[in-house]
>>> print(open('final.txt').read())   # compact mmCIF, N, CA and C atoms
# COMPACT_ATOMS: atom_id res chain seq x y z
N MET J 26 13.49 -61.12 109.07
CA MET J 26 13.47 -60.81 107.66
C MET J 26 12.75 -59.48 107.42
N LYS J 27 11.63 -59.33 108.11
CA LYS J 27 10.84 -58.11 107.96
C LYS J 27 11.64 -56.88 108.39
N TYR J 28 12.40 -57.01 109.48
CA TYR J 28 13.20 -55.90 109.98
C TYR J 28 14.37 -55.58 109.05
N THR J 29 14.93 -56.61 108.45
CA THR J 29 16.03 -56.40 107.50
C THR J 29 15.54 -55.60 106.30
N LEU J 30 14.38 -55.95 105.77
CA LEU J 30 13.81 -55.22 104.63
C LEU J 30 13.49 -53.78 105.02
N LEU J 31 12.99 -53.59 106.23
CA LEU J 31 12.69 -52.25 106.71
C LEU J 31 13.97 -51.41 106.83
N LEU J 32 15.03 -52.02 107.34
CA LEU J 32 16.31 -51.32 107.47
C LEU J 32 16.87 -50.94 106.10
N ILE J 33 16.82 -51.85 105.15
CA ILE J 33 17.31 -51.56 103.78
C ILE J 33 16.49 -50.46 103.15
N ALA J 34 15.18 -50.50 103.29
CA ALA J 34 14.31 -49.46 102.73
C ALA J 34 14.60 -48.10 103.35
N THR J 35 14.83 -48.08 104.66
CA THR J 35 15.15 -46.82 105.35
C THR J 35 16.44 -46.22 104.82
N ILE J 36 17.45 -47.04 104.64
CA ILE J 36 18.73 -46.55 104.12
C ILE J 36 18.58 -46.04 102.69
N LEU J 37 17.86 -46.76 101.86
CA LEU J 37 17.67 -46.34 100.47
C LEU J 37 16.93 -45.03 100.36
N PHE J 38 15.91 -44.84 101.18
CA PHE J 38 15.14 -43.60 101.11
C PHE J 38 15.84 -42.44 101.80
N ALA J 39 16.72 -42.71 102.74
CA ALA J 39 17.43 -41.66 103.45
C ALA J 39 18.56 -41.08 102.61
N ALA J 40 19.15 -41.85 101.72
CA ALA J 40 20.30 -41.39 100.92
C ALA J 40 19.99 -40.15 100.08
N PRO J 41 18.87 -40.08 99.33
CA PRO J 41 18.62 -38.88 98.54
C PRO J 41 18.38 -37.63 99.38
N VAL J 42 18.01 -37.78 100.63
CA VAL J 42 17.73 -36.64 101.49
C VAL J 42 19.00 -36.04 102.07
N SER J 43 20.10 -36.80 102.07
CA SER J 43 21.32 -36.31 102.67
C SER J 43 21.83 -35.06 101.97
N ALA J 44 22.58 -34.25 102.70
CA ALA J 44 23.07 -32.98 102.18
C ALA J 44 24.08 -33.20 101.06
N GLU J 45 24.15 -32.22 100.17
CA GLU J 45 25.10 -32.25 99.06
C GLU J 45 26.52 -32.13 99.60
N ASP J 46 27.42 -32.91 99.04
CA ASP J 46 28.82 -32.84 99.44
C ASP J 46 29.54 -31.85 98.55
N TYR J 47 29.95 -30.74 99.13
CA TYR J 47 30.66 -29.71 98.39
C TYR J 47 32.15 -29.99 98.42
N GLU J 48 32.79 -29.68 97.30
CA GLU J 48 34.24 -29.65 97.27
C GLU J 48 34.64 -28.19 97.43
N LYS J 49 35.87 -27.96 97.84
CA LYS J 49 36.40 -26.61 97.92
C LYS J 49 37.05 -26.32 96.57
N GLY J 50 36.61 -25.26 95.90
CA GLY J 50 37.14 -24.90 94.60
C GLY J 50 38.51 -24.25 94.69
N PRO J 51 39.20 -24.12 93.55
CA PRO J 51 40.53 -23.51 93.52
C PRO J 51 40.56 -22.06 94.02
N ASN J 52 39.41 -21.37 93.94
CA ASN J 52 39.33 -19.99 94.39
C ASN J 52 38.65 -19.85 95.75
N GLY J 53 38.45 -20.99 96.43
CA GLY J 53 37.87 -20.97 97.76
C GLY J 53 36.36 -21.06 97.83
N GLY J 54 35.69 -21.18 96.67
CA GLY J 54 34.23 -21.27 96.65
C GLY J 54 33.74 -22.70 96.76
N LEU J 55 32.42 -22.84 96.86
CA LEU J 55 31.79 -24.15 96.87
C LEU J 55 31.77 -24.69 95.46
N MET J 56 32.05 -26.00 95.27
CA MET J 56 32.12 -26.56 93.94
C MET J 56 31.30 -27.85 93.86
N LEU J 57 30.51 -27.94 92.79
CA LEU J 57 29.69 -29.13 92.54
C LEU J 57 29.83 -29.55 91.08
N ASP J 58 29.59 -30.83 90.83
CA ASP J 58 29.58 -31.37 89.48
C ASP J 58 28.20 -31.13 88.86
N VAL J 59 28.19 -30.57 87.65
CA VAL J 59 26.94 -30.34 86.94
C VAL J 59 27.21 -30.31 85.44
N ALA J 60 26.40 -30.98 84.67
CA ALA J 60 26.47 -30.97 83.19
C ALA J 60 27.86 -31.34 82.67
N GLY J 61 28.54 -32.25 83.35
CA GLY J 61 29.84 -32.72 82.89
C GLY J 61 31.01 -31.79 83.19
N ILE J 62 30.80 -30.78 84.02
CA ILE J 62 31.86 -29.86 84.43
C ILE J 62 31.78 -29.67 85.94
N ASP J 63 32.82 -29.08 86.52
CA ASP J 63 32.77 -28.68 87.92
C ASP J 63 32.50 -27.18 87.96
N ALA J 64 31.46 -26.78 88.68
CA ALA J 64 31.08 -25.37 88.80
C ALA J 64 31.39 -24.89 90.21
N GLU J 65 32.18 -23.81 90.27
CA GLU J 65 32.56 -23.21 91.56
C GLU J 65 31.77 -21.92 91.75
N LEU J 66 31.04 -21.82 92.86
CA LEU J 66 30.25 -20.63 93.17
C LEU J 66 31.04 -19.67 94.04
N LEU J 67 31.09 -18.41 93.60
CA LEU J 67 31.67 -17.33 94.40
C LEU J 67 30.66 -16.19 94.43
N THR J 68 30.46 -15.59 95.60
CA THR J 68 29.58 -14.44 95.72
C THR J 68 30.31 -13.33 96.45
N ALA J 69 30.00 -12.09 96.06
CA ALA J 69 30.56 -10.92 96.74
C ALA J 69 29.54 -9.81 96.59
N GLY J 70 28.93 -9.42 97.71
CA GLY J 70 27.88 -8.40 97.65
C GLY J 70 26.70 -8.91 96.84
N SER J 71 26.45 -8.28 95.70
CA SER J 71 25.35 -8.71 94.83
C SER J 71 25.85 -9.43 93.57
N THR J 72 27.15 -9.71 93.51
CA THR J 72 27.74 -10.36 92.33
C THR J 72 27.80 -11.87 92.53
N VAL J 73 27.38 -12.61 91.50
CA VAL J 73 27.46 -14.07 91.48
C VAL J 73 28.43 -14.45 90.37
N THR J 74 29.43 -15.25 90.71
CA THR J 74 30.40 -15.74 89.73
C THR J 74 30.43 -17.25 89.79
N ILE J 75 30.37 -17.87 88.62
CA ILE J 75 30.52 -19.32 88.50
C ILE J 75 31.78 -19.56 87.68
N ASN J 76 32.78 -20.20 88.29
CA ASN J 76 33.99 -20.58 87.58
C ASN J 76 33.83 -22.02 87.12
N VAL J 77 34.28 -22.33 85.91
CA VAL J 77 34.06 -23.64 85.31
C VAL J 77 35.39 -24.37 85.12
N PHE J 78 35.42 -25.63 85.57
CA PHE J 78 36.63 -26.44 85.50
C PHE J 78 36.30 -27.83 84.98
N GLU J 79 37.35 -28.53 84.51
CA GLU J 79 37.19 -29.93 84.12
C GLU J 79 36.83 -30.73 85.36
N PRO J 80 36.03 -31.78 85.22
CA PRO J 80 35.67 -32.59 86.39
C PRO J 80 36.89 -33.16 87.09
N PHE J 81 36.93 -33.05 88.40
CA PHE J 81 37.96 -33.61 89.28
C PHE J 81 39.35 -33.03 89.03
N LYS J 82 39.43 -31.89 88.32
CA LYS J 82 40.71 -31.23 88.05
C LYS J 82 40.52 -29.74 88.27
N ALA J 83 41.60 -29.03 88.47
CA ALA J 83 41.51 -27.57 88.60
C ALA J 83 41.85 -26.90 87.28
N LYS J 84 41.65 -27.60 86.15
CA LYS J 84 41.96 -27.05 84.84
C LYS J 84 40.74 -26.27 84.32
N PRO J 85 40.91 -24.96 84.08
CA PRO J 85 39.80 -24.12 83.61
C PRO J 85 39.24 -24.58 82.26
N VAL J 86 37.93 -24.37 82.08
CA VAL J 86 37.24 -24.68 80.83
C VAL J 86 36.69 -23.37 80.28
N SER J 87 36.88 -23.12 79.00
CA SER J 87 36.36 -21.91 78.37
C SER J 87 34.83 -21.89 78.44
N THR J 88 34.27 -20.73 78.80
CA THR J 88 32.81 -20.60 78.90
C THR J 88 32.20 -19.98 77.64
N LYS J 89 32.98 -19.90 76.57
CA LYS J 89 32.44 -19.39 75.30
C LYS J 89 31.31 -20.32 74.85
N GLY J 90 30.14 -19.76 74.60
CA GLY J 90 28.98 -20.53 74.19
C GLY J 90 28.14 -21.07 75.32
N TYR J 91 28.53 -20.82 76.56
CA TYR J 91 27.77 -21.27 77.72
C TYR J 91 26.61 -20.31 78.00
N VAL J 92 25.54 -20.85 78.54
CA VAL J 92 24.38 -20.05 78.96
C VAL J 92 24.06 -20.49 80.38
N GLY J 93 23.77 -19.51 81.24
CA GLY J 93 23.47 -19.88 82.62
C GLY J 93 22.62 -18.85 83.33
N ALA J 94 22.02 -19.29 84.42
CA ALA J 94 21.22 -18.41 85.28
C ALA J 94 21.23 -19.02 86.67
N VAL J 95 21.01 -18.17 87.67
CA VAL J 95 20.87 -18.64 89.04
C VAL J 95 19.58 -18.10 89.63
N LEU J 96 18.97 -18.91 90.49
CA LEU J 96 17.82 -18.48 91.28
C LEU J 96 18.34 -18.33 92.70
N ILE J 97 18.25 -17.11 93.23
CA ILE J 97 18.71 -16.82 94.58
C ILE J 97 17.48 -16.77 95.48
N ALA J 98 17.43 -17.64 96.48
CA ALA J 98 16.30 -17.69 97.40
C ALA J 98 16.83 -17.50 98.81
N GLY J 99 16.41 -16.40 99.44
CA GLY J 99 16.81 -16.11 100.80
C GLY J 99 15.63 -15.54 101.56
N GLY J 100 15.16 -16.24 102.58
CA GLY J 100 13.97 -15.80 103.30
C GLY J 100 12.77 -15.86 102.38
N SER J 101 12.03 -14.77 102.29
CA SER J 101 10.86 -14.73 101.39
C SER J 101 11.20 -14.15 100.03
N ALA J 102 12.44 -13.67 99.85
CA ALA J 102 12.85 -13.05 98.58
C ALA J 102 13.41 -14.09 97.63
N ARG J 103 13.06 -13.93 96.36
CA ARG J 103 13.58 -14.78 95.28
C ARG J 103 13.95 -13.86 94.11
N GLU J 104 15.07 -14.17 93.49
CA GLU J 104 15.51 -13.38 92.34
C GLU J 104 16.25 -14.28 91.36
N THR J 105 15.94 -14.12 90.08
CA THR J 105 16.64 -14.84 89.03
C THR J 105 17.66 -13.89 88.41
N VAL J 106 18.88 -14.38 88.25
CA VAL J 106 19.97 -13.58 87.68
C VAL J 106 20.53 -14.33 86.48
N THR J 107 20.56 -13.67 85.33
CA THR J 107 21.15 -14.24 84.13
C THR J 107 22.66 -14.10 84.20
N LEU J 108 23.36 -15.17 83.85
CA LEU J 108 24.81 -15.17 83.87
C LEU J 108 25.35 -15.07 82.45
N ALA J 109 26.41 -14.30 82.28
CA ALA J 109 27.05 -14.13 80.97
C ALA J 109 28.52 -14.50 81.08
N PRO J 110 29.11 -15.04 80.01
CA PRO J 110 30.54 -15.35 80.04
C PRO J 110 31.36 -14.11 80.41
N GLN J 111 32.33 -14.30 81.28
CA GLN J 111 33.19 -13.22 81.77
C GLN J 111 34.59 -13.79 81.88
N GLY J 112 35.55 -13.22 81.18
CA GLY J 112 36.90 -13.73 81.24
C GLY J 112 37.01 -15.08 80.56
N GLU J 113 38.02 -15.84 80.93
CA GLU J 113 38.33 -17.10 80.26
C GLU J 113 37.40 -18.25 80.66
N ASN J 114 37.14 -18.42 81.97
CA ASN J 114 36.37 -19.59 82.41
C ASN J 114 35.29 -19.25 83.42
N SER J 115 34.69 -18.06 83.32
CA SER J 115 33.69 -17.65 84.30
C SER J 115 32.39 -17.21 83.66
N LEU J 116 31.33 -17.34 84.43
CA LEU J 116 30.02 -16.76 84.12
C LEU J 116 29.72 -15.83 85.28
N LYS J 117 29.19 -14.64 84.97
CA LYS J 117 28.99 -13.66 86.03
C LYS J 117 27.65 -12.96 85.84
N GLY J 118 27.03 -12.56 86.94
CA GLY J 118 25.78 -11.82 86.93
C GLY J 118 25.65 -10.97 88.17
N GLU J 119 24.79 -9.95 88.09
CA GLU J 119 24.56 -9.02 89.20
C GLU J 119 23.11 -9.13 89.67
N ALA J 120 22.93 -9.38 90.96
CA ALA J 120 21.60 -9.37 91.57
C ALA J 120 21.22 -7.93 91.90
N LYS J 121 19.95 -7.68 92.10
CA LYS J 121 19.49 -6.33 92.45
C LYS J 121 19.87 -5.97 93.88
N ASN J 122 19.94 -6.97 94.75
CA ASN J 122 20.25 -6.76 96.17
C ASN J 122 21.41 -7.64 96.58
N PRO J 123 22.09 -7.30 97.67
CA PRO J 123 23.16 -8.18 98.17
C PRO J 123 22.61 -9.57 98.49
N ILE J 124 23.43 -10.57 98.28
CA ILE J 124 23.02 -11.96 98.50
C ILE J 124 23.13 -12.25 100.00
N PRO J 125 22.00 -12.61 100.64
CA PRO J 125 22.02 -12.81 102.09
C PRO J 125 22.74 -14.10 102.49
N ALA J 126 23.30 -14.10 103.68
CA ALA J 126 23.91 -15.32 104.24
C ALA J 126 22.81 -16.37 104.38
N GLY J 127 23.13 -17.60 104.11
CA GLY J 127 22.15 -18.67 104.21
C GLY J 127 21.25 -18.82 103.00
N ALA J 128 21.49 -18.02 101.96
CA ALA J 128 20.67 -18.11 100.75
C ALA J 128 20.94 -19.42 100.02
N THR J 129 19.92 -19.91 99.33
CA THR J 129 20.07 -21.07 98.47
C THR J 129 20.19 -20.54 97.04
N ILE J 130 21.23 -20.98 96.35
CA ILE J 130 21.47 -20.51 94.99
C ILE J 130 21.43 -21.73 94.07
N THR J 131 20.44 -21.74 93.17
CA THR J 131 20.27 -22.84 92.24
C THR J 131 20.80 -22.43 90.87
N LEU J 132 21.80 -23.14 90.39
CA LEU J 132 22.42 -22.86 89.10
C LEU J 132 21.78 -23.72 88.03
N THR J 133 21.41 -23.10 86.92
CA THR J 133 20.99 -23.81 85.72
C THR J 133 21.99 -23.42 84.65
N ILE J 134 22.62 -24.42 84.03
CA ILE J 134 23.69 -24.14 83.07
C ILE J 134 23.55 -25.02 81.84
N LYS J 135 23.95 -24.46 80.69
CA LYS J 135 24.00 -25.22 79.44
C LYS J 135 25.37 -24.97 78.84
N THR J 136 26.10 -26.05 78.55
CA THR J 136 27.44 -25.94 78.02
C THR J 136 27.41 -25.67 76.52
N ALA J 137 28.55 -25.34 75.96
CA ALA J 137 28.67 -25.10 74.51
C ALA J 137 28.35 -26.37 73.72
N GLU J 138 28.56 -27.54 74.35
CA GLU J 138 28.27 -28.82 73.70
C GLU J 138 26.80 -29.21 73.79
N GLY J 139 26.00 -28.42 74.50
CA GLY J 139 24.57 -28.68 74.62
C GLY J 139 24.17 -29.46 75.86
N LYS J 140 25.11 -29.83 76.72
CA LYS J 140 24.76 -30.51 77.97
C LYS J 140 24.18 -29.48 78.93
N SER J 141 23.14 -29.87 79.65
CA SER J 141 22.56 -28.94 80.62
C SER J 141 22.32 -29.66 81.93
N GLY J 142 22.22 -28.85 82.98
CA GLY J 142 21.99 -29.42 84.30
C GLY J 142 21.75 -28.33 85.33
N GLN J 143 21.43 -28.78 86.54
CA GLN J 143 21.18 -27.88 87.66
C GLN J 143 21.99 -28.35 88.87
N ALA J 144 22.39 -27.38 89.67
CA ALA J 144 23.07 -27.67 90.94
C ALA J 144 22.57 -26.68 91.97
N LYS J 145 22.41 -27.14 93.20
CA LYS J 145 21.92 -26.28 94.27
C LYS J 145 23.02 -26.07 95.30
N PHE J 146 23.34 -24.80 95.54
CA PHE J 146 24.35 -24.40 96.52
C PHE J 146 23.66 -23.76 97.70
N LYS J 147 24.12 -24.03 98.89
CA LYS J 147 23.65 -23.38 100.11
C LYS J 147 24.77 -22.49 100.59
N LYS J 148 24.58 -21.17 100.51
CA LYS J 148 25.64 -20.21 100.87
C LYS J 148 25.85 -20.17 102.36
>>> encode(input="final.txt", output="structure tokens")
Amino acid sequence: MKYTLLLIATILFAAPVSAEDYEKGPNGGLMLDVAGIDAELLTAGSTVTINVFEPFKAKPVSTKGYVGAVLIAGGSARETVTLAPQGENSLKGEAKNPIPAGATITLTIKTAEGKSGQAKFKK
């Protein structure tokens, strides 16, 4: 009985530590669910783009009224980049330096409906 409880406790505590399961976005980026939408991360050089879609669908969502920012952490460097609506369903921002491979990018987003949330991407 004691071992069974220990096994159950180990499984329960190990689940939150497991890595995030990324989906592949319509544009080839990493995609996670956040604030009731699917956010797809794309990076190129120092540019960060977040494409917004309906959950579990590839249907674009208008980013009018959205507010967002990303924290880019790579090595000892950290930089916060404000994102602004760009095009029909994207938020875009420019970092001061190119985004390094292996960087962790934490998205904070608030939708036009007032829902907010965070998602962490590992580039």
>>> residues_around(input="final.txt", residues="Glu113 (chain J)", least_positions_apart="2", cutoff="5 Å", atoms="all atoms listed in the file", output="list in words")
Ser87, Thr88, Gln111 and Ser115 of chain J
>>> closest_residue(input="final.txt", among="J:Asn114, J:Thr129, J:Ile124, J:Glu48", to="Thr68 (chain J)", atoms="only N, CA and C atoms")
J:Ile124
>>> atom_distance(input="final.txt", atom1="CA of Ser141 (chain J)", atom2="CA of Glu119 (chain J)")
21.8 Å
>>> atom_distance(input="final.txt", atom1="CA of Asp63 (chain J)", atom2="atom C of Ser101 (chain J)")
28.7 Å
>>> residues_around(input="final.txt", residues="Met56 (chain J)", least_positions_apart="4", cutoff="8 Å", atoms="only C-alpha atoms", output="mmCIF file with N, CA and C atoms, keeping the file's coordinate frame")
data_model
loop_
_atom_site.group_PDB
_atom_site.id
_atom_site.type_symbol
_atom_site.label_atom_id
_atom_site.label_comp_id
_atom_site.auth_asym_id
_atom_site.auth_seq_id
_atom_site.Cartn_x
_atom_site.Cartn_y
_atom_site.Cartn_z
ATOM 1 N N TYR J 47 29.950 -30.740 99.130
ATOM 2 C CA TYR J 47 30.660 -29.710 98.390
ATOM 3 C C TYR J 47 32.150 -29.990 98.420
ATOM 4 N N GLU J 48 32.790 -29.680 97.300
ATOM 5 C CA GLU J 48 34.240 -29.650 97.270
ATOM 6 C C GLU J 48 34.640 -28.190 97.430
ATOM 7 N N LYS J 49 35.870 -27.960 97.840
ATOM 8 C CA LYS J 49 36.400 -26.610 97.920
ATOM 9 C C LYS J 49 37.050 -26.320 96.570
ATOM 10 N N GLY J 50 36.610 -25.260 95.900
ATOM 11 C CA GLY J 50 37.140 -24.900 94.600
ATOM 12 C C GLY J 50 38.510 -24.250 94.690
ATOM 13 N N ASP J 63 32.820 -29.080 86.520
ATOM 14 C CA ASP J 63 32.770 -28.680 87.920
ATOM 15 C C ASP J 63 32.500 -27.180 87.960
ATOM 16 N N ALA J 64 31.460 -26.780 88.680
ATOM 17 C CA ALA J 64 31.080 -25.370 88.800
ATOM 18 C C ALA J 64 31.390 -24.890 90.210
ATOM 19 N N GLU J 65 32.180 -23.810 90.270
ATOM 20 C CA GLU J 65 32.560 -23.210 91.560
ATOM 21 C C GLU J 65 31.770 -21.920 91.750
ATOM 22 N N LEU J 66 31.040 -21.820 92.860
ATOM 23 C CA LEU J 66 30.250 -20.630 93.170
ATOM 24 C C LEU J 66 31.040 -19.670 94.040
#
